[in-house]
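Shown next: model-v1.pdb, given as PDB, C-alpha atoms.
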ATOM      1  CA  MET I   1     -14.738 -17.962  17.430  1.00  0.00           C
ATOM      2  CA  ALA I   2     -12.786 -21.124  18.171  1.00  0.00           C
ATOM      3  CA  ASP I   3      -9.306 -21.476  16.739  1.00  0.00           C
ATOM      4  CA  THR I   4     -10.556 -24.169  14.351  1.00  0.00           C
ATOM      5  CA  ASP I   5     -13.542 -22.163  13.069  1.00  0.00           C
ATOM      6  CA  GLN I   6     -13.184 -20.576   9.645  1.00  0.00           C
ATOM      7  CA  PRO I   7     -14.198 -16.953   9.168  1.00  0.00           C
ATOM      8  CA  ALA I   8     -17.467 -16.389   7.382  1.00  0.00           C
ATOM      9  CA  GLY I   9     -16.904 -16.332   3.642  1.00  0.00           C
ATOM     10  CA  SER I  10     -13.403 -17.830   3.835  1.00  0.00           C
ATOM     11  CA  ALA I  11     -14.178 -20.972   1.823  1.00  0.00           C
ATOM     12  CA  GLY I  12     -12.213 -20.937  -1.394  1.00  0.00           C
ATOM     13  CA  LEU I  13      -9.821 -18.121  -0.431  1.00  0.00           C
ATOM     14  CA  ALA I  14      -6.804 -20.093  -1.576  1.00  0.00           C
ATOM     15  CA  ASP I  15      -8.502 -20.775  -4.912  1.00  0.00           C
ATOM     16  CA  ARG I  16      -8.948 -17.016  -5.583  1.00  0.00           C
ATOM     17  CA  ALA I  17      -5.419 -15.981  -4.640  1.00  0.00           C
ATOM     18  CA  GLU I  18      -2.352 -15.571  -6.797  1.00  0.00           C
ATOM     19  CA  THR I  19      -4.015 -15.755 -10.197  1.00  0.00           C
ATOM     20  CA  TYR I  20      -2.136 -12.633 -11.321  1.00  0.00           C
ATOM     21  CA  ASP I  21       1.646 -12.729 -11.686  1.00  0.00           C
ATOM     22  CA  PRO I  22       3.023  -9.197 -11.089  1.00  0.00           C
ATOM     23  CA  ALA I  23       6.552 -10.206 -12.159  1.00  0.00           C
ATOM     24  CA  ALA I  24       5.277 -11.223 -15.589  1.00  0.00           C
ATOM     25  CA  ASP I  25       3.786  -7.735 -15.909  1.00  0.00           C
ATOM     26  CA  GLY I  26       7.019  -5.848 -15.120  1.00  0.00           C
ATOM     27  CA  TRP I  27       6.664  -5.462 -11.333  1.00  0.00           C
ATOM     28  CA  GLU I  28       9.591  -6.250  -9.016  1.00  0.00           C
ATOM     29  CA  VAL I  29       9.423  -7.384  -5.396  1.00  0.00           C
ATOM     30  CA  TYR I  30       9.943  -4.527  -2.929  1.00  0.00           C
ATOM     31  CA  ARG I  31      12.371  -5.924  -0.343  1.00  0.00           C
ATOM     32  CA  ASP I  32      11.887  -5.148   3.356  1.00  0.00           C
ATOM     33  CA  GLU I  33      12.933  -7.267   6.312  1.00  0.00           C
ATOM     34  CA  GLY I  34      10.769  -5.426   8.852  1.00  0.00           C
ATOM     35  CA  PHE I  35       6.999  -5.398   9.255  1.00  0.00           C
ATOM     36  CA  ILE I  36       6.394  -5.080   5.508  1.00  0.00           C
ATOM     37  CA  GLY I  37       8.343  -8.315   5.049  1.00  0.00           C
ATOM     38  CA  LEU I  38       5.767 -10.033   7.256  1.00  0.00           C
ATOM     39  CA  VAL I  39       2.640  -8.723   5.500  1.00  0.00           C
ATOM     40  CA  GLY I  40       4.059  -8.471   1.984  1.00  0.00           C
ATOM     41  CA  PRO I  41       5.399  -8.890  -0.498  1.00  0.00           C
ATOM     42  CA  PHE I  42       4.789  -5.455  -1.925  1.00  0.00           C
ATOM     43  CA  TRP I  43       5.655  -4.828  -5.545  1.00  0.00           C
ATOM     44  CA  THR I  44       7.280  -1.816  -7.204  1.00  0.00           C
ATOM     45  CA  ARG I  45       8.182  -0.479 -10.606  1.00  0.00           C
ATOM     46  CA  PRO I  46       9.755   2.770 -11.794  1.00  0.00           C
ATOM     47  CA  TRP I  47       7.437   5.676 -12.491  1.00  0.00           C
ATOM     48  CA  GLY I  48       9.025   8.979 -13.481  1.00  0.00           C
ATOM     49  CA  ASP I  49      11.388  10.179 -10.752  1.00  0.00           C
ATOM     50  CA  SER I  50       9.717   7.874  -8.238  1.00  0.00           C
ATOM     51  CA  ALA I  51       8.068   4.456  -8.235  1.00  0.00           C
ATOM     52  CA  ARG I  52       4.638   2.839  -8.146  1.00  0.00           C
ATOM     53  CA  TYR I  53       3.690   0.336  -5.439  1.00  0.00           C
ATOM     54  CA  ALA I  54       1.222  -2.547  -5.351  1.00  0.00           C
ATOM     55  CA  PHE I  55       0.375  -5.798  -3.599  1.00  0.00           C
ATOM     56  CA  LEU I  56      -1.569  -8.954  -4.339  1.00  0.00           C
ATOM     57  CA  ALA I  57      -4.332  -9.666  -1.801  1.00  0.00           C
ATOM     58  CA  GLU I  58      -3.473 -13.113  -0.439  1.00  0.00           C
ATOM     59  CA  PRO I  59      -5.403 -15.478   1.851  1.00  0.00           C
ATOM     60  CA  LYS I  60      -3.262 -14.313   4.812  1.00  0.00           C
ATOM     61  CA  HIS I  61      -4.750 -10.813   4.370  1.00  0.00           C
ATOM     62  CA  HIS I  62      -8.415 -11.750   4.853  1.00  0.00           C
ATOM     63  CA  ASN I  63     -10.731 -10.605   7.617  1.00  0.00           C
ATOM     64  CA  ARG I  64     -13.577 -12.553   9.214  1.00  0.00           C
ATOM     65  CA  ARG I  65     -15.776 -11.933   6.166  1.00  0.00           C
ATOM     66  CA  GLY I  66     -13.208 -13.398   3.779  1.00  0.00           C
ATOM     67  CA  ILE I  67     -12.264 -10.098   2.122  1.00  0.00           C
ATOM     68  CA  LEU I  68      -9.146  -7.980   2.541  1.00  0.00           C
ATOM     69  CA  GLN I  69      -8.558  -6.686   6.088  1.00  0.00           C
ATOM     70  CA  GLY I  70      -8.757  -2.876   6.195  1.00  0.00           C
ATOM     71  CA  GLY I  71      -5.555  -2.677   8.215  1.00  0.00           C
ATOM     72  CA  MET I  72      -3.686  -4.133   5.246  1.00  0.00           C
ATOM     73  CA  LEU I  73      -4.887  -1.262   3.063  1.00  0.00           C
ATOM     74  CA  MET I  74      -3.804   1.200   5.766  1.00  0.00           C
ATOM     75  CA  THR I  75      -0.354  -0.393   6.044  1.00  0.00           C
ATOM     76  CA  PHE I  76       0.011  -0.357   2.281  1.00  0.00           C
ATOM     77  CA  ALA I  77      -1.135   3.275   1.971  1.00  0.00           C
ATOM     78  CA  ASP I  78       1.347   4.351   4.655  1.00  0.00           C
ATOM     79  CA  ARG I  79       4.292   2.658   2.957  1.00  0.00           C
ATOM     80  CA  ALA I  80       3.387   3.613  -0.629  1.00  0.00           C
ATOM     81  CA  MET I  81       2.776   7.282   0.218  1.00  0.00           C
ATOM     82  CA  GLY I  82       5.794   7.321   2.522  1.00  0.00           C
ATOM     83  CA  MET I  83       8.100   6.043  -0.203  1.00  0.00           C
ATOM     84  CA  THR I  84       6.639   8.433  -2.778  1.00  0.00           C
ATOM     85  CA  CYS I  85       7.166  11.252  -0.274  1.00  0.00           C
ATOM     86  CA  TRP I  86      10.746  10.100   0.384  1.00  0.00           C
ATOM     87  CA  TYR I  87      11.572  10.344  -3.324  1.00  0.00           C
ATOM     88  CA  ALA I  88       9.907  13.763  -3.598  1.00  0.00           C
ATOM     89  CA  ASN I  89      11.690  14.977  -0.456  1.00  0.00           C
ATOM     90  CA  GLU I  90      15.185  14.305  -1.809  1.00  0.00           C
ATOM     91  CA  ARG I  91      15.409  11.001   0.107  1.00  0.00           C
ATOM     92  CA  ARG I  92      15.610  12.762   3.455  1.00  0.00           C
ATOM     93  CA  PRO I  93      14.603  10.993   6.694  1.00  0.00           C
ATOM     94  CA  GLN I  94      10.928  11.412   7.538  1.00  0.00           C
ATOM     95  CA  ALA I  95       8.125  10.078   9.696  1.00  0.00           C
ATOM     96  CA  THR I  96       4.377   9.737   9.229  1.00  0.00           C
ATOM     97  CA  VAL I  97       2.583  12.160  11.556  1.00  0.00           C
ATOM     98  CA  GLN I  98      -0.964  11.741  10.260  1.00  0.00           C
ATOM     99  CA  LEU I  99      -2.784   9.220   8.062  1.00  0.00           C
ATOM    100  CA  ASP I 100      -6.468   9.087   7.063  1.00  0.00           C
ATOM    101  CA  VAL I 101      -7.906   6.228   5.050  1.00  0.00           C
ATOM    102  CA  HIS I 102     -11.432   6.065   3.660  1.00  0.00           C
ATOM    103  CA  PHE I 103     -12.553   2.614   2.536  1.00  0.00           C
ATOM    104  CA  VAL I 104     -14.541   2.897  -0.695  1.00  0.00           C
ATOM    105  CA  ASP I 105     -15.004  -0.693  -1.900  1.00  0.00           C
ATOM    106  CA  ALA I 106     -14.114  -4.211  -0.753  1.00  0.00           C
ATOM    107  CA  VAL I 107     -10.993  -5.915  -2.067  1.00  0.00           C
ATOM    108  CA  GLN I 108     -11.349  -9.602  -2.830  1.00  0.00           C
ATOM    109  CA  ILE I 109      -8.588 -12.110  -2.208  1.00  0.00           C
ATOM    110  CA  GLY I 110      -6.644 -12.507  -5.449  1.00  0.00           C
ATOM    111  CA  GLU I 111      -7.016  -8.872  -6.532  1.00  0.00           C
ATOM    112  CA  PHE I 112      -3.988  -6.674  -7.263  1.00  0.00           C
ATOM    113  CA  VAL I 113      -4.072  -3.336  -5.432  1.00  0.00           C
ATOM    114  CA  GLU I 114      -2.019  -0.414  -6.739  1.00  0.00           C
ATOM    115  CA  ALA I 115      -1.341   2.945  -5.082  1.00  0.00           C
ATOM    116  CA  ARG I 116      -1.548   6.111  -7.154  1.00  0.00           C
ATOM    117  CA  CYS I 117       0.274   8.556  -4.895  1.00  0.00           C
ATOM    118  CA  ARG I 118       0.873  12.265  -5.278  1.00  0.00           C
ATOM    119  CA  VAL I 119       2.485  15.098  -3.379  1.00  0.00           C
ATOM    120  CA  VAL I 120      -0.228  17.634  -2.546  1.00  0.00           C
ATOM    121  CA  ARG I 121       2.038  20.239  -0.963  1.00  0.00           C
ATOM    122  CA  ARG I 122       5.582  20.385   0.345  1.00  0.00           C
ATOM    123  CA  THR I 123       6.794  22.862   2.959  1.00  0.00           C
ATOM    124  CA  ARG I 124      10.155  23.174   4.686  1.00  0.00           C
ATOM    125  CA  SER I 125       9.236  20.591   7.335  1.00  0.00           C
ATOM    126  CA  LEU I 126       6.042  18.852   6.177  1.00  0.00           C
ATOM    127  CA  VAL I 127       4.907  16.987   3.081  1.00  0.00           C
ATOM    128  CA  PHE I 128       1.179  16.556   2.456  1.00  0.00           C
ATOM    129  CA  MET I 129       0.354  13.429   0.465  1.00  0.00           C
ATOM    130  CA  GLY I 130      -2.694  11.925  -1.193  1.00  0.00           C
ATOM    131  CA  ALA I 131      -3.379   8.555  -2.801  1.00  0.00           C
ATOM    132  CA  GLU I 132      -6.005   6.466  -4.463  1.00  0.00           C
ATOM    133  CA  LEU I 133      -5.726   2.731  -3.922  1.00  0.00           C
ATOM    134  CA  VAL I 134      -7.138   0.992  -6.969  1.00  0.00           C
ATOM    135  CA  VAL I 135      -7.872  -2.431  -8.379  1.00  0.00           C
ATOM    136  CA  GLY I 136      -7.694  -1.794 -12.105  1.00  0.00           C
ATOM    137  CA  SER I 137      -9.796   1.338 -12.565  1.00  0.00           C
ATOM    138  CA  ARG I 138     -11.913   0.696  -9.419  1.00  0.00           C
ATOM    139  CA  VAL I 139     -11.060   2.926  -6.441  1.00  0.00           C
ATOM    140  CA  VAL I 140     -11.053   0.824  -3.256  1.00  0.00           C
ATOM    141  CA  ALA I 141      -9.664   3.415  -0.804  1.00  0.00           C
ATOM    142  CA  ILE I 142      -8.632   7.060  -0.614  1.00  0.00           C
ATOM    143  CA  ALA I 143      -5.788   8.087   1.683  1.00  0.00           C
ATOM    144  CA  ASN I 144      -4.330  11.391   2.850  1.00  0.00           C
ATOM    145  CA  GLY I 145      -1.358  11.909   5.114  1.00  0.00           C
ATOM    146  CA  VAL I 146       1.300  14.234   6.415  1.00  0.00           C
ATOM    147  CA  TRP I 147       5.005  13.370   6.691  1.00  0.00           C
ATOM    148  CA  LYS I 148       7.463  15.311   8.857  1.00  0.00           C
ATOM    149  CA  THR I 149      10.929  15.885   7.458  1.00  0.00           C
ATOM    150  CA  LEU I 150      13.479  14.897  10.106  1.00  0.00           C
ATOM    151  CA  GLY I 151      17.116  15.882  10.623  1.00  0.00           C
ATOM    152  CA  GLU I 152      19.688  15.100   7.991  1.00  0.00           C
ATOM    153  CA  GLY I 153      20.823  11.942   9.900  1.00  0.00           C
TER     154      GLY I 153
END
Take the structure from the file and write it as structure tokens.
Amino acid sequence: MADTDQPAGSAGLADRAETYDPAADGWEVYRDEGFIGLVGPFWTRPWGDSARYAFLAEPKHHNRRGILQGGMLMTFADRAMGMTCWYANERRPQATVQLDVHFVDAVQIGEFVEARCRVVRRTRSLVFMGAELVVGSRVVAIANGVWKTLGEG
């Protein structure tokens, strides 16, 4: 594909994006100056002793077919489950050691994706996590992962 060629199905991507305003619905921007700052913004809001996470699928997130790139869902799942784990693990340092993502349905540009994360099991050194990534009530991906608790540093 030449640099000037548009991906198949990309016509009108900008028209479908940013129709939903998360801030007007109580979401706050999740600040991160690293990689997430490049692919985000992600959104957050309090939820019990933790938080919920979401993002708006923007034109920059599309693949060659004009729908959301799967790697964006994987990045989002890793961060959302990782932060949920961090809260559940008393805010101790941790690292992702395993992540599985199953893509269930396509995400269109302009849709708002939310992670519904849960701790499956917590041991002394590992935390097993699960999540459903949803657009409204529609499940678009299922993720499972394991986080390793690191030293107290």
Resolved residues for the PyMOL selection byres ((chain I and resi 78) around 12) as an NGL selection string: :I and (36 or 53 or 71-77 or 79-86 or 95-101 or 115 or 117 or 129-133 or 142-147)
Give as an MDAnalysis selection string the residues that the PyMOL selection byres ((chain I and resi 88) around 12) matches when applied to the coordinates above. chainID I and resid 48:51 81:87 89:94 117:123 126:129 147 149
Given all atoms listed in the file as the counted atoms, nearest of I:Glu33, I:Glu28, I:Asp21, I:Glu58 to Gly110 (chain I):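 Of the candidates, the smallest distance to Gly110 (chain I) is held by I:Glu58.
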Selection dump of the PyMOL selection byres ((chain I and resi 42-46) around 6), as a list of chain:residue names: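 Selection result, ordered by chain and number: I:Trp27, I:Glu28, I:Val29, I:Tyr30, I:Gly40, I:Pro41, I:Trp47, I:Ala51, I:Arg52, I:Tyr53, I:Ala54, I:Phe55.
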Edge lengths and centre in Å, axis-aligned, region 33-39 of chain I plus 3 Å each side, as JSON:
{"center_x": 7.8, "center_y": -7.6, "center_z": 7.2, "size_x": 16.3, "size_y": 11.0, "size_z": 10.2}
Write out as a ChimeraX atom specification the residues lying within 12 Å of region 104-107 of chain I, counting only C-alpha atoms and excluding same-chain residues fewer than 5 positions away. /I:16-17,55-59,61-63,65-70,72-73,112-114,132-136,138-143
Calculate how many Å separate CA of Ile109 (chain I) from CA of Arg64 (chain I), rounding to one decimal. 12.5 Å
One residue among I:Thr19, I:Lys148, I:Gly26, I:Arg31 is nearest to Glu111 (chain I) when using all atoms listed in the file, and that residue is I:Thr19
Please report the interatomic distance between CA of His102 (chain I) and CA of Ser137 (chain I) in Å with one decimal.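 Separating CA of His102 (chain I) from CA of Ser137 (chain I) is a distance of 17.0 Å.
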